[in-house]
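A.B. asks: Next up is a structure, given as structure tokens.
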Amino acid sequence: MSTVEEFVTKGASDPSTKAKQGESILNRLLKLLCSVRLGVTLLVLLGLACLTGMLIMQQNVDGFARYFAELTPAQQIVYGKLGFFDIYHVWYFNILLAVLSMNIVLASIDRFPKTWLFVSKPNVSVPIRWLREQKQTAELEFSGTTKGTVESLSAAMKGQGWRSVKTTEKAGRTFILGQKGVWNRLGAYAVHVGLLTIFTGGFLTAQFGSTGQMPLAPGQSTNLMFETEVNLDKAEQITKRLPFEVACTDMQQKLIKKEGSITAMNTIDWITRFTITDETGTHEAHVQMNHPFDYRGYRFFQASFIPTGRARNVTINATPAGGGDVQQLTIARDGSAVMKDGTTVKLSEFRGNFSIGKEDPNENTSEYPNPAAVLEVVQPGSPGQTAYAFGPKLADIPIAKKPVGGYTFQLADYEKVADQHILSVQRDPGTTVVYVGFVLLFLALVAVFFFSHQRVWAAVDPAQEGRVNVVLGGNTNRSVNAFDETFKKFVGGLDARPSSLPLNPQG
Amino acid sequence: MSQVLETPVIISAESGNNLKTVPSWMTYIPAILAIGGSFALLFIRLNVGGARFISDGALMMLALAAYLIAAVFHLTNLYAPFRLAEKLGMWAATLGVFFNLSSWLLRWVAAYDRELAIFNSQGTSAADMPWVFRYVPFANLYDLSLAFAFGAGITTLLVMRRQHFRAVAALSLPLASIILVLARFIGSELIDLPPVLDSYWRPIHVGIASMSYGIALVCFAVAVLYLLKDGLQVEKMAIWTSAFSLAVFCTVSKFSVFSPLTFGTYTASTFLGTSRMSLPLRADIPFVGWLIFLSAALLIAASIGYGLFISKDDANARKWGSRFLYGALALQAAGIAMLVYQIKTIGTVVSQISTTQYAKFGAWMLQQQEMPQQQINALGEAQLVSMASKWVAENGSQLHLSLNANPVELAALITAFTGTFFVVLFGFNTEKIRAFLPSADRLDGLMYKLAGVTFAGLALLLITGAVWANESWGRYWGWDAKEVGALVAWLTYAGFLHSRIAYGWRGRRSAFFAVVAFLFVIFTYLGVSYLLPGLHSYA
């Protein structure tokens, strides 16, 4: 990625770092900040900080409390003071990123003018000695006139793909420069612009972004989200208010094995349907795994779920106590159904593991060992009564056989779903900027590494007795092996022979 | 062209010999055959069905065999350049890439068939069947390793297009073989896909990962060959590989071989029944610890000998260093052989399990049951031990050893052995190898090119990962261990590229950078999954 013209500054590969004596401190500092050497040092430091963060568990990772407890008190204090448990947000890490950004900007400004010369003022006439020093060089002898030789060389260069051909005359000698891909020199700058764009986006995210969790279940409605802030092994919840109201209408879980549990490993997809209400009206929305939903700069994702066994809907067999036809009712999670005689049956609760009394909120019932539906049966003109509908396993317990409102109820089928889906809600004004940076970075990297700036010079001496002496030389900033072969092919294809004349030594 | 001359064309001698090469498209034939053949095999498999077809696991073993055969041809070619060996090596490598990709493609079909059977048994209608990209075999570390080896294999084939670079295969194919051996140890069972991975970003992201890793591997191989060509003393290389081996010896078996309390003991994790989860109940494997200790001692002795030779030019020290190194090589081989033999033959495992692990195992069991850490801490050690001994008494007969229980440790031991093997090999007739290798300039150019492509690939890996994370979790960067690992590797390649401008570093120092960068790639690929917690814990 050498962006410095070789014969201008041979030897000093990074001239800006060479501080002269007697320079002001400010000047020296500026030179340091402009240098690529500082950039390399910063890259190494950044790498070391990242490695530290990988080897020492960060406080926002699951299981940190256990990890923290297992450390010795000395480790807890020293790592804590050095900020190692949250190294990516600690002050010196931010300073590192800031200095790196500044270094990229200043080094680019420092180097760009010289690089721009490749484009604006290509060096057509070059010293002969320098041409001979190139790795690829040749001295040939053509027959004919100077003009004819220049024309045929120019045509040959174009034929070889060095499409931009310029000629100039200096001290009686004609110089030809054929080149291609000069814009490749600018690729490195584009890469860094892309990188800085990503940094800017990241800064916007850190400053103006917000994120939170929103637990939802059908029938619930909220405009709050909860953010967890971790500080060492203590977690704190912060509540944030959204500018609209979210009301859940339906939750669904597509399972791989229907008789299996509602755990993540048995699930193909989660679907949460909800409405959003604000001053512009009510809007339908649904969020699936890997299919977020966007609204007013907020983005909703499937994040996790509470694995308490619930039913999206139940199918209930209502058997008349006095005998007669069994009626089948399908009731949605927060819904109800009306029977032929006008009795309304509401699904008030569904439990994956039924027991008398209140449900233990910490119990994991994702396996549905003893499913049961708790119903409210309302006959026209009388108060509601509680009834139970059990699956086959509990069908024989007394409470299942006791008629309510003239019916016994059996749980024929149910569609499994979790108790709550927890959506993650995100507002991130930096994403677009970051994405623009991604595109720029990638395109620039392709432009840099899959192309190269190739240059070939020919110095044509005036014809002497119908013979023309030519010195050829060329270089490339990348893909040296391929260029070497192209150059040899080019020289081999020229209608000439090795030079026999002693060349004019001047130059 | 009217002025053109009466004299016939003469071409300079230097440029002549390169002109009569084959047309450039022909050099792509091996790569095209390998890829085209794999897809043809996939097509046949789709039409024939899986019942009587070769399995993806068998194809993987064939790929491993083909890579090793190709490596042997190319290695012999280093010492005795021989047109036929080079050709055979080329075609063996092509065959290896064919088997490797075929195995991966067939795995895709196998995963689809597996879930189709589940859905059929559930009576789910075909319309509800998820789309076919759900089954792209990028679900766990086995799949990634298979694709990684393919990335290395196909890159090697492409590098070998130029005849002078064919020697690269002598190093890159053994490395690709190690990756496949690791895959074999991980085990090829198809897993249920965690739902968050069910995204079209997965094939894109992981596909880029495997290709970039593969190119990085070949870049590493070129860097090592460069160092050799450039005249880096093989004795110095031996000191480095010995240090690597020692690092492996210290860390395997939970640091037990060299810690004072368990000195000389090597332990291996166990499986319970048909479960594929490695338990933290580790069985002592007799003799292996001592073999490791002895090879470590010899490696240290060899390093000291070589160190004396390098600093004082003491030829005698060098002679002894070499002897120690040969001894260490033999012991390393013996250690691995003994380990495999014992794992295959030890019948009753319980008697090999030291009861000192019980307290930790008890705590681990409670953690598996998601008991809060404070409650576990509140239990006394005696209680944990009694819990664990009760569990072992009940389940001990079902415990068994398996090569699949410690994939990374086994692969690390084999990698350490390979490192020693190669320095021993390079030690013979070094000058002959140096003469055979392409010029340092050419190797440097190739290394730069591969590093550049790896850099672009890793950038794309980070970008696609960020986009996917943003689609799934609503954040494009979360400082997750695997993200950071890839970033560190990327930064190291960035350092490689910038050091060329900043310090004008070419050649040797550049090559060191490429070596270190590849170590970070490997750390990201394995270390994060096996050592560090985080989101990428599945792969």
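The chains in the structure tokens are called A, B, ... from first to last as shown; in each chain the residues are counted from 1, and the ligands are counted from 1 in the order shown.
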Compile the contact shell of Leu460 (chain B) as a tab-separated table (two decimals) with C-alpha atoms, in the first residue's frame: residues with an atom at most 12 Å away, counting only C-alpha atoms, same-chain residues fewer than 4 positions apart removed.

C.D. replies:
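Saved result, around_28.tsv, follows:
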```tsv
chain	number	residue	atom	x	y	z
A	438	PHE	CA	-19.79	-1.38	5.86
A	439	VAL	CA	-20.61	-1.02	2.18
A	440	LEU	CA	-17.88	1.54	1.65
A	441	LEU	CA	-15.33	-0.53	3.55
A	442	PHE	CA	-16.06	-3.68	1.63
A	443	LEU	CA	-16.13	-2.09	-1.82
A	444	ALA	CA	-12.92	-0.25	-1.05
A	445	LEU	CA	-11.20	-3.42	0.15
A	446	VAL	CA	-12.16	-5.20	-3.05
B	204	ILE	CA	-23.39	-16.26	4.18
B	205	HIS	CA	-21.60	-15.47	7.43
B	206	VAL	CA	-20.20	-18.92	8.17
B	207	GLY	CA	-19.38	-19.53	4.50
B	208	ILE	CA	-17.24	-16.42	4.50
B	209	ALA	CA	-15.67	-17.52	7.78
B	210	SER	CA	-14.63	-20.89	6.43
B	211	MET	CA	-13.22	-19.47	3.21
B	212	SER	CA	-11.30	-16.71	5.02
B	453	VAL	CA	-7.59	-11.48	0.57
B	454	THR	CA	-7.80	-12.83	4.13
B	455	PHE	CA	-8.04	-9.26	5.41
B	456	ALA	CA	-10.88	-8.48	3.01
B	464	THR	CA	-22.01	-9.95	7.78
B	465	GLY	CA	-21.82	-10.97	11.43
B	466	ALA	CA	-22.75	-7.44	12.45
B	467	VAL	CA	-25.65	-7.27	10.02
B	468	TRP	CA	-26.93	-10.64	11.15
B	486	ALA	CA	-12.28	-12.15	14.72
B	487	LEU	CA	-11.58	-8.45	15.27
B	490	TRP	CA	-8.41	-8.71	11.53
```

A.B. asks: Can you list, as a ChimeraX atom specification, every protein, DNA or RNA residue that comes within 8 Å of Asn475 (chain A) when you count only C-alpha atoms, leaving out same-chain residues fewer than 5 positions away?

C.D. replies: /A:134-136,454-456,480,483

A.B. asks: Dump N, CA and C atoms for the selected residues as a short mmCIF file (atom, residue, chain, number, x, y, z; two decimals), in the first residue's frame?

C.D. replies:
```cif
data_model
loop_
_atom_site.label_atom_id
_atom_site.label_comp_id
_atom_site.auth_asym_id
_atom_site.auth_seq_id
_atom_site.Cartn_x
_atom_site.Cartn_y
_atom_site.Cartn_z
N GLN A 134 14.54 -0.58 -11.65
CA GLN A 134 13.29 -1.28 -11.43
C GLN A 134 13.51 -2.78 -11.57
N LYS A 135 12.66 -3.54 -10.85
CA LYS A 135 12.80 -4.99 -10.92
C LYS A 135 12.54 -5.45 -12.36
N GLN A 136 11.59 -4.83 -13.00
CA GLN A 136 11.29 -5.16 -14.39
C GLN A 136 11.84 -4.06 -15.28
N GLN A 454 -0.61 -0.32 -12.23
CA GLN A 454 0.58 -0.76 -12.97
C GLN A 454 1.06 0.38 -13.86
N ARG A 455 2.37 0.57 -13.88
CA ARG A 455 2.96 1.62 -14.74
C ARG A 455 4.14 1.06 -15.52
N VAL A 456 4.21 1.46 -16.77
CA VAL A 456 5.35 1.06 -17.60
C VAL A 456 5.85 2.30 -18.33
N VAL A 480 2.78 -8.28 -7.55
CA VAL A 480 4.05 -8.15 -8.24
C VAL A 480 4.28 -9.34 -9.19
N PHE A 483 2.38 -8.99 -12.37
CA PHE A 483 2.91 -7.90 -13.18
C PHE A 483 4.21 -8.32 -13.87
#
```

A.B. asks: Kindly provide, as a ChimeraX atom specification, the residues of chain A having any atom no farther than 6 Å from an atom of chain B, counting only C-alpha atoms.

C.D. replies: /A:2,13-14,36-37,40,47,54,66,143-144,265,268,290,445,488,492,495,497

A.B. asks: Got a sec: who's within 12 Å of region 422-425 of chain B, counting only C-alpha atoms, leaving out chain neighbours fewer than 6 positions off, as a PyMOL selection string?

C.D. replies: chain B and resi 75-76+78-79+170-172+174-175+221+224-225+228+232-242+302+321-330+415-416+432-433

A.B. asks: Could those selected residues go to a file with C-alpha atoms, as a tab-separated table (two decimals), in the first residue's frame?

C.D. replies:
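Output saved as selection-v4.tsv:
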```tsv
chain	number	residue	atom	x	y	z
B	75	LEU	CA	6.82	-33.65	0.73
B	76	THR	CA	8.86	-36.26	-1.12
B	78	LEU	CA	10.69	-31.28	-1.78
B	79	TYR	CA	13.63	-33.65	-1.39
B	170	ALA	CA	3.44	-29.82	1.20
B	171	LEU	CA	2.60	-27.69	4.21
B	172	SER	CA	-0.97	-26.51	3.67
B	174	PRO	CA	-1.10	-31.51	6.30
B	175	LEU	CA	-2.62	-28.53	8.12
B	221	ALA	CA	1.90	-22.10	5.18
B	224	VAL	CA	6.53	-20.60	7.07
B	225	LEU	CA	8.00	-21.57	3.70
B	228	LEU	CA	12.60	-21.31	5.55
B	232	LEU	CA	15.68	-18.58	9.10
B	233	GLN	CA	17.58	-21.29	10.94
B	234	VAL	CA	15.62	-24.48	11.37
B	235	GLU	CA	17.03	-24.56	14.92
B	236	LYS	CA	15.19	-21.31	15.67
B	237	MET	CA	12.02	-22.76	14.19
B	238	ALA	CA	12.51	-25.79	16.43
B	239	ILE	CA	12.65	-23.55	19.49
B	240	TRP	CA	9.38	-21.93	18.44
B	241	THR	CA	7.57	-25.19	17.75
B	242	SER	CA	8.91	-26.59	21.03
B	302	ALA	CA	16.58	-29.62	22.51
B	321	GLY	CA	19.78	-30.63	20.28
B	322	SER	CA	18.85	-32.65	17.23
B	323	ARG	CA	19.10	-35.91	19.14
B	324	PHE	CA	16.82	-34.57	21.85
B	325	LEU	CA	14.40	-33.31	19.23
B	326	TYR	CA	14.22	-36.72	17.54
B	327	GLY	CA	13.61	-38.28	20.92
B	328	ALA	CA	10.87	-35.78	21.67
B	329	LEU	CA	9.26	-36.49	18.31
B	330	ALA	CA	9.21	-40.22	19.05
B	415	THR	CA	-0.80	-30.27	16.00
B	416	ALA	CA	2.11	-30.07	18.45
B	432	LYS	CA	18.08	-28.74	-0.87
B	433	ILE	CA	14.59	-27.71	0.19
```

A.B. asks: Any idea what the distance is between CA of Val350 (chain B) and CA of Ala283 (chain B)?

C.D. replies: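 So the answer is 7.6 Å.
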
A.B. asks: So, counting only C-alpha atoms, which residue among A:Thr272, A:Leu195, A:Leu153, A:Ile95 is closest to Tyr435 (chain A)?

C.D. replies: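 With only C-alpha atoms as the atom set, the closest residue is A:Leu195.
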
A.B. asks: For CA of Arg282 (chain B) and CA of Pro73 (chain A), determine how far apart the two atoms are, in Å to one decimal place.

C.D. replies: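 Calculated distance between CA of Arg282 (chain B) and CA of Pro73 (chain A) is 28.7 Å.
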
A.B. asks: Write out as a VMD selection string all residues of region 204-348 of chain B that DSSP puts in helix (DSSP H, G or I) for this structure's backbone.

C.D. replies: chain B and resid 204 to 229 234 to 255 260 to 262 288 to 312 315 to 345

A.B. asks: For the selection you just gave me, I'd like the residues written to a file as a compact mmCIF listing (two decimals), in the first residue's frame, keeping C-alpha atoms.

C.D. replies:
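Result saved to selection_2.txt:
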```txt
# COMPACT_ATOMS: atom_id res chain seq x y z
CA ILE B 204 -23.39 -16.26 4.18
CA HIS B 205 -21.60 -15.47 7.43
CA VAL B 206 -20.20 -18.92 8.17
CA GLY B 207 -19.38 -19.53 4.50
CA ILE B 208 -17.24 -16.42 4.50
CA ALA B 209 -15.67 -17.52 7.78
CA SER B 210 -14.63 -20.89 6.43
CA MET B 211 -13.22 -19.47 3.21
CA SER B 212 -11.30 -16.71 5.02
CA TYR B 213 -9.93 -19.17 7.55
CA GLY B 214 -8.90 -21.48 4.71
CA ILE B 215 -7.06 -18.68 2.90
CA ALA B 216 -5.45 -17.64 6.19
CA LEU B 217 -4.20 -21.20 6.63
CA VAL B 218 -2.54 -21.20 3.21
CA CYS B 219 -1.11 -17.73 3.97
CA PHE B 220 0.40 -19.20 7.14
CA ALA B 221 1.90 -22.10 5.18
CA VAL B 222 3.44 -19.64 2.70
CA ALA B 223 4.80 -17.56 5.57
CA VAL B 224 6.53 -20.60 7.07
CA LEU B 225 8.00 -21.57 3.70
CA TYR B 226 9.12 -17.98 3.25
CA LEU B 227 10.92 -18.09 6.59
CA LEU B 228 12.60 -21.31 5.55
CA LYS B 229 13.59 -19.93 2.16
CA VAL B 234 15.62 -24.48 11.37
CA GLU B 235 17.03 -24.56 14.92
CA LYS B 236 15.19 -21.31 15.67
CA MET B 237 12.02 -22.76 14.19
CA ALA B 238 12.51 -25.79 16.43
CA ILE B 239 12.65 -23.55 19.49
CA TRP B 240 9.38 -21.93 18.44
CA THR B 241 7.57 -25.19 17.75
CA SER B 242 8.91 -26.59 21.03
CA ALA B 243 7.47 -23.58 22.83
CA PHE B 244 4.16 -24.23 21.09
CA SER B 245 4.24 -27.91 22.09
CA LEU B 246 5.06 -26.98 25.69
CA ALA B 247 2.15 -24.53 25.75
CA VAL B 248 -0.11 -27.32 24.55
CA PHE B 249 1.26 -29.77 27.12
CA CYS B 250 0.72 -27.29 29.92
CA THR B 251 -2.87 -26.51 29.02
CA VAL B 252 -4.29 -29.91 28.03
CA SER B 253 -6.01 -32.02 30.64
CA LYS B 254 -6.93 -28.90 32.65
CA PHE B 255 -3.28 -28.05 33.41
CA PRO B 260 2.30 -29.96 41.59
CA LEU B 261 -0.64 -31.88 43.05
CA THR B 262 -1.37 -33.98 40.00
CA VAL B 288 0.25 -40.68 28.89
CA GLY B 289 1.09 -38.01 31.46
CA TRP B 290 4.61 -39.33 31.87
CA LEU B 291 5.16 -39.61 28.14
CA ILE B 292 4.08 -35.99 27.82
CA PHE B 293 6.34 -34.99 30.66
CA LEU B 294 9.32 -36.79 29.10
CA SER B 295 8.73 -35.25 25.67
CA ALA B 296 8.46 -31.86 27.33
CA ALA B 297 11.81 -32.45 29.06
CA LEU B 298 13.41 -33.46 25.75
CA LEU B 299 11.92 -30.47 23.96
CA ILE B 300 13.37 -28.18 26.60
CA ALA B 301 16.73 -29.95 26.30
CA ALA B 302 16.58 -29.62 22.51
CA SER B 303 15.74 -25.92 22.79
CA ILE B 304 18.67 -25.37 25.15
CA GLY B 305 20.97 -27.24 22.80
CA TYR B 306 19.79 -25.22 19.81
CA GLY B 307 19.94 -22.03 21.87
CA LEU B 308 23.62 -22.71 22.63
CA PHE B 309 24.24 -23.47 18.98
CA ILE B 310 22.61 -20.21 17.85
CA SER B 311 24.31 -18.00 20.44
CA LYS B 312 27.74 -19.67 20.65
CA ALA B 315 28.23 -27.55 16.72
CA ASN B 316 28.21 -30.14 19.48
CA ALA B 317 25.25 -28.47 21.16
CA ARG B 318 23.44 -28.59 17.86
CA LYS B 319 24.10 -32.29 17.48
CA TRP B 320 22.69 -32.95 20.93
CA GLY B 321 19.78 -30.63 20.28
CA SER B 322 18.85 -32.65 17.23
CA ARG B 323 19.10 -35.91 19.14
CA PHE B 324 16.82 -34.57 21.85
CA LEU B 325 14.40 -33.31 19.23
CA TYR B 326 14.22 -36.72 17.54
CA GLY B 327 13.61 -38.28 20.92
CA ALA B 328 10.87 -35.78 21.67
CA LEU B 329 9.26 -36.49 18.31
CA ALA B 330 9.21 -40.22 19.05
CA LEU B 331 7.81 -39.65 22.54
CA GLN B 332 5.15 -37.27 21.27
CA ALA B 333 4.05 -39.92 18.78
CA ALA B 334 4.11 -42.54 21.53
CA GLY B 335 2.06 -40.30 23.82
CA ILE B 336 -0.66 -39.83 21.21
CA ALA B 337 -0.68 -43.52 20.30
CA MET B 338 -0.88 -44.50 23.97
CA LEU B 339 -3.71 -42.03 24.56
CA VAL B 340 -5.75 -43.37 21.65
CA TYR B 341 -5.01 -46.97 22.65
CA GLN B 342 -6.04 -46.41 26.27
CA ILE B 343 -9.20 -44.52 25.36
CA LYS B 344 -10.19 -47.39 23.09
CA THR B 345 -9.38 -50.16 25.57
```

A.B. asks: Determine, counting only C-alpha atoms, which protein, DNA and RNA residues have an atom within 6 Å of an atom of His421 (chain A); residues of the same chain fewer than 5 positions away are not included. Present the result as a list in words.

C.D. replies: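 Neighbouring residues, sequence-local ones excluded: Pro215, Leu216 and Phe305 of chain A.
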
A.B. asks: Please produce a file of the residues just selected, as an mmCIF file, in the first residue's frame, where the atoms kept are C-alpha atoms.

C.D. replies:
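Dumped to out_23.cif:
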```cif
data_model
loop_
_atom_site.group_PDB
_atom_site.id
_atom_site.type_symbol
_atom_site.label_atom_id
_atom_site.label_comp_id
_atom_site.auth_asym_id
_atom_site.auth_seq_id
_atom_site.Cartn_x
_atom_site.Cartn_y
_atom_site.Cartn_z
ATOM 1 C CA PRO A 215 -42.461 -8.881 28.014
ATOM 2 C CA LEU A 216 -45.774 -9.500 26.249
ATOM 3 C CA PHE A 305 -39.510 -16.192 26.399
#
```

A.B. asks: Just the residues within 8 Å of Val377 (chain A), please, counting only C-alpha atoms, with nothing from its chain fewer than 2 positions along; format it as a list of chain:residue names.

C.D. replies: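 That gives A:Thr343, A:Thr344, A:Val345, A:Lys346, A:Leu375, A:Gln379, A:Gly384, A:Gln385, A:Thr386, A:Ala387, A:Val404, A:Gly405.
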
A.B. asks: Just to be explicit: take each residue in the selection above, keep N, CA and C atoms, and write the result as a short mmCIF file (atom, residue, chain, number, x, y, z; two decimals), in the first residue's frame.

C.D. replies:
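The resulting out36.cif:
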```cif
data_model
loop_
_atom_site.label_atom_id
_atom_site.label_comp_id
_atom_site.auth_asym_id
_atom_site.auth_seq_id
_atom_site.Cartn_x
_atom_site.Cartn_y
_atom_site.Cartn_z
N THR A 343 -74.76 -20.85 27.20
CA THR A 343 -73.75 -20.78 28.25
C THR A 343 -72.43 -20.29 27.65
N THR A 344 -71.81 -19.33 28.32
CA THR A 344 -70.52 -18.83 27.85
C THR A 344 -69.40 -19.51 28.64
N VAL A 345 -68.39 -19.98 27.92
CA VAL A 345 -67.24 -20.60 28.59
C VAL A 345 -66.01 -19.74 28.30
N LYS A 346 -65.41 -19.23 29.37
CA LYS A 346 -64.21 -18.41 29.22
C LYS A 346 -62.99 -19.23 29.64
N LEU A 375 -61.59 -22.92 33.61
CA LEU A 375 -62.63 -22.24 32.83
C LEU A 375 -63.56 -21.46 33.74
N GLN A 379 -73.71 -19.04 32.94
CA GLN A 379 -75.02 -19.30 32.34
C GLN A 379 -75.81 -18.02 32.32
N GLY A 384 -70.76 -16.37 37.38
CA GLY A 384 -69.84 -17.35 36.82
C GLY A 384 -69.38 -18.38 37.83
N GLN A 385 -69.09 -19.60 37.33
CA GLN A 385 -68.57 -20.66 38.20
C GLN A 385 -67.27 -21.18 37.58
N THR A 386 -66.38 -21.66 38.45
CA THR A 386 -65.11 -22.18 37.96
C THR A 386 -65.24 -23.66 37.63
N ALA A 387 -64.73 -24.03 36.47
CA ALA A 387 -64.71 -25.45 36.09
C ALA A 387 -63.30 -25.81 35.63
N VAL A 404 -70.34 -28.73 36.24
CA VAL A 404 -70.50 -27.30 36.48
C VAL A 404 -71.44 -26.78 35.41
N GLY A 405 -72.53 -26.16 35.83
CA GLY A 405 -73.50 -25.63 34.87
C GLY A 405 -74.09 -26.72 34.01
#
```
